[in-house]
Amino acid sequence: MSSNTVNAAVLGSGLLGLDLVERMQNSPHLSCGLVVGRTSHSRGLAQAAELGCATAAGGVAALLDSDKTFDIVFDATNAFEHPEHWSRLADTGAVLIDLTPTSAGALIAPTVNGDQAARHQHIGLVSCGGQASLPVLYALAQHYRPQYVEMVATAASVSVGRASRLNLDEYVETTQDAIRRFTGTGAAKAMLNISAAAPPPPFRIAMTMVAPGVEQDRVSDVVECAAAAMRTVVPGYRITSCTVTGDTVRVIAEVTATRNRMPVHAGNLEVISAAALYAAEQHALAKATAPKELAR
């Protein structure tokens, strides 16, 4: 590991965990020191080993028993287990980046408040729907006073794993809370549709905002600017529709996966993985330049 990189570990050996390994291998700032799965016969652990990464089975206990130290830990497991992971890792000093839909850590979306990521030891990434919608909703809220905001995400069934299905209530609650926080509205609703359509559809986010004084030209400019910023983090992000009717703005965005390991329809996975890597690299860069005490 180069002196300019920080050592990271991944909790979870599913598709998200493996994508994080590949992203770190292409990052000048991060090095993957360990991938931890539940059981030793996990197919994901075998694939992580094929990528050249050390592996272990046994969950967070195996991570703590490792003879290595880690600057960053990615939690790509589930919302039910995450609180215990934070409880057991907090005193190690490692930065914990949560890819599950909990609201325990400081909520970060790269193009919204990504510059704050390096200040926190415990980072939450809201949800895939949150990562895909907050940049647009936040941008609009800088120009208008939203009275109501709604976000409906549609993900292909084959890209929604068992842990995500078990965490649907947490997904909705955390996403709604984040929308309220970042837009300043008291009325927000979030929903997730899981589509079994064939072929699998791309990840789609339909956003509705009710705000007095909205105008088509200005709204279109704001939305396209937010989308362009998003593409610097998630290249497959694009706006497919943006309309204003009275006081109501409706925006539809799609996210297609561009990573080799990700199926093209798995934009929901790619958007959260990209956000996780962004947050980790912000920490790595801060450590390389001027390490500071982190806020918990």
# chains A, B, ... in the order shown; residues from 1 in each chain; ligands from 1
$ closest_atom_pairs --of "stretch 165-264 of chain A" --to "stretch 5-20 of chain A" --cutoff "10 Å" --atoms "only C-alpha atoms" --output "CSV"
residue,atom,partner,partner_atom,distance
A:Arg259,CA,A:Asp19,CA,8.1
A:Asn260,CA,A:Asp19,CA,8.9
A:Arg261,CA,A:Asp19,CA,6.8
A:Met262,CA,A:Asp19,CA,7.7
$ write_last_selection --atoms "C-alpha atoms" --output "short mmCIF file (atom, residue, chain, number, x, y, z; two decimals), in the first residue's frame"
data_model
loop_
_atom_site.label_atom_id
_atom_site.label_comp_id
_atom_site.auth_asym_id
_atom_site.auth_seq_id
_atom_site.Cartn_x
_atom_site.Cartn_y
_atom_site.Cartn_z
CA ARG A 259 -19.44 -0.32 -14.28
CA ASN A 260 -18.17 -3.63 -15.71
CA ARG A 261 -19.51 -5.74 -12.84
CA MET A 262 -22.88 -4.00 -12.67
#
$ select_by_dssp --residues "stretch 5-60 of chain A" --states "strand (DSSP E or B)" --output "list in words"
Val6, Asn7, Ala8, Ala9, Val10, Leu11, Leu30, Ser31, Cys32, Gly33, Leu34, Val35, Val36, Gly37, Thr55, Ala56 and Ala57 of chain A
$ write_last_selection --atoms "N, CA, C and O atoms" --output "compact mmCIF listing (two decimals), in the first residue's frame"
# COMPACT_ATOMS: atom_id res chain seq x y z
N VAL A 6 -5.08 5.12 1.94
CA VAL A 6 -5.54 4.66 3.24
C VAL A 6 -6.10 3.26 3.10
O VAL A 6 -6.61 2.88 2.04
N ASN A 7 -6.05 2.49 4.17
CA ASN A 7 -6.47 1.10 4.15
C ASN A 7 -7.94 1.00 4.50
O ASN A 7 -8.41 1.59 5.48
N ALA A 8 -8.69 0.27 3.69
CA ALA A 8 -10.13 0.15 3.89
C ALA A 8 -10.56 -1.31 3.93
O ALA A 8 -9.89 -2.19 3.37
N ALA A 9 -11.67 -1.57 4.61
CA ALA A 9 -12.26 -2.89 4.66
C ALA A 9 -13.71 -2.80 4.24
O ALA A 9 -14.35 -1.75 4.37
N VAL A 10 -14.24 -3.92 3.75
CA VAL A 10 -15.64 -3.97 3.31
C VAL A 10 -16.37 -5.03 4.10
O VAL A 10 -15.95 -6.20 4.13
N LEU A 11 -17.44 -4.64 4.77
CA LEU A 11 -18.34 -5.59 5.41
C LEU A 11 -19.45 -5.91 4.43
O LEU A 11 -20.24 -5.05 4.07
N LEU A 30 -7.19 4.90 -2.13
CA LEU A 30 -7.72 3.84 -1.26
C LEU A 30 -7.11 2.49 -1.61
O LEU A 30 -6.81 2.20 -2.76
N SER A 31 -6.96 1.67 -0.58
CA SER A 31 -6.48 0.31 -0.76
C SER A 31 -7.40 -0.63 0.00
O SER A 31 -7.74 -0.37 1.16
N CYS A 32 -7.82 -1.71 -0.63
CA CYS A 32 -8.71 -2.66 0.02
C CYS A 32 -7.89 -3.68 0.80
O CYS A 32 -7.18 -4.50 0.22
N GLY A 33 -8.00 -3.64 2.12
CA GLY A 33 -7.23 -4.55 2.95
C GLY A 33 -7.95 -5.82 3.33
O GLY A 33 -7.32 -6.82 3.66
N LEU A 34 -9.30 -5.81 3.26
CA LEU A 34 -10.05 -6.98 3.70
C LEU A 34 -11.50 -6.87 3.24
O LEU A 34 -12.09 -5.80 3.27
N VAL A 35 -12.06 -8.01 2.83
CA VAL A 35 -13.49 -8.14 2.57
C VAL A 35 -14.03 -9.20 3.51
O VAL A 35 -13.49 -10.31 3.58
N VAL A 36 -15.08 -8.86 4.24
CA VAL A 36 -15.62 -9.77 5.24
C VAL A 36 -17.02 -10.19 4.84
O VAL A 36 -17.87 -9.35 4.52
N GLY A 37 -17.27 -11.50 4.84
CA GLY A 37 -18.59 -12.04 4.56
C GLY A 37 -19.12 -12.81 5.75
O GLY A 37 -18.46 -12.89 6.81
N THR A 55 -9.61 -11.95 2.44
CA THR A 55 -11.00 -12.17 2.83
C THR A 55 -11.07 -12.86 4.20
O THR A 55 -10.10 -13.46 4.66
N ALA A 56 -12.23 -12.73 4.83
CA ALA A 56 -12.48 -13.40 6.11
C ALA A 56 -13.97 -13.63 6.24
O ALA A 56 -14.78 -12.91 5.64
N ALA A 57 -14.36 -14.63 7.01
CA ALA A 57 -15.76 -14.92 7.27
C ALA A 57 -16.04 -14.70 8.75
O ALA A 57 -15.15 -14.81 9.58
$ atom_distance --atom1 "atom CA of A:His82" --atom2 "atom CA of A:Ala118"
20.3 Å
$ closest_residue --among "A:Val95, A:Cys53, A:Ile123, A:Ala79" --to "A:Ser164" --atoms "only C-alpha atoms"
A:Ala79
$ residues_around --residues "stretch 139-145 of chain A" --least-positions-apart "2" --cutoff "8 Å" --atoms "only C-alpha atoms" --output "compact mmCIF listing (two decimals) with N, CA and C atoms, in the first residue's frame"
# COMPACT_ATOMS: atom_id res chain seq x y z
N PRO A 135 -29.91 15.53 -5.08
CA PRO A 135 -29.24 16.62 -5.81
C PRO A 135 -30.21 17.54 -6.54
N VAL A 136 -31.23 16.97 -7.18
CA VAL A 136 -32.22 17.78 -7.91
C VAL A 136 -33.13 18.53 -6.93
N LEU A 137 -33.63 17.82 -5.93
CA LEU A 137 -34.56 18.43 -4.98
C LEU A 137 -33.88 19.54 -4.18
N GLN A 147 -43.56 23.29 -0.74
CA GLN A 147 -44.62 23.00 0.22
C GLN A 147 -44.85 21.50 0.37
N THR A 183 -34.48 19.84 1.85
CA THR A 183 -35.33 20.77 1.10
C THR A 183 -36.03 21.77 2.00
N GLY A 184 -36.07 21.50 3.30
CA GLY A 184 -36.73 22.41 4.22
C GLY A 184 -38.24 22.29 4.26
N THR A 185 -38.79 21.29 3.57
CA THR A 185 -40.23 21.09 3.59
C THR A 185 -40.65 20.22 4.76
N ALA A 211 -44.31 24.10 -5.29
CA ALA A 211 -43.67 25.31 -4.79
C ALA A 211 -44.22 26.52 -5.54
N PRO A 212 -44.62 27.56 -4.84
CA PRO A 212 -45.15 28.76 -5.50
C PRO A 212 -44.08 29.43 -6.37
N GLY A 213 -44.50 29.93 -7.53
CA GLY A 213 -43.63 30.74 -8.36
C GLY A 213 -42.69 29.99 -9.28
N VAL A 214 -42.84 28.67 -9.42
CA VAL A 214 -41.94 27.92 -10.29
C VAL A 214 -42.18 28.29 -11.75
N VAL A 219 -36.58 26.36 -13.89
CA VAL A 219 -36.55 25.01 -13.31
C VAL A 219 -35.70 24.08 -14.18
N VAL A 222 -32.01 24.78 -13.61
CA VAL A 222 -31.56 24.30 -12.29
C VAL A 222 -31.41 22.78 -12.30
N VAL A 223 -32.38 22.09 -12.86
CA VAL A 223 -32.37 20.63 -12.88
C VAL A 223 -31.22 20.11 -13.74
N ALA A 226 -27.94 20.48 -11.89
CA ALA A 226 -27.80 19.46 -10.86
C ALA A 226 -27.44 18.11 -11.47
$ residues_around --residues "stretch 173-176 of chain A" --least-positions-apart "4" --cutoff "8 Å" --atoms "only C-alpha atoms" --output "JSON, numbers by chain"
{"A": [101, 102, 103, 126, 127, 129, 130, 169, 180, 188, 189, 190]}
$ closest_atom_pairs --of "stretch 30-77 of chain A" --to "stretch 279-284 of chain A" --cutoff "10 Å" --atoms "only C-alpha atoms" --output "JSON lines"
{"residue": "A:Leu30", "atom": "CA", "partner": "A:Glu281", "partner_atom": "CA", "distance": 7.0}
{"residue": "A:Asp71", "atom": "CA", "partner": "A:Ala284", "partner_atom": "CA", "distance": 8.7}
{"residue": "A:Ile72", "atom": "CA", "partner": "A:Ala280", "partner_atom": "CA", "distance": 7.0}
{"residue": "A:Val73", "atom": "CA", "partner": "A:Ala280", "partner_atom": "CA", "distance": 8.9}
{"residue": "A:Phe74", "atom": "CA", "partner": "A:Ala280", "partner_atom": "CA", "distance": 8.7}
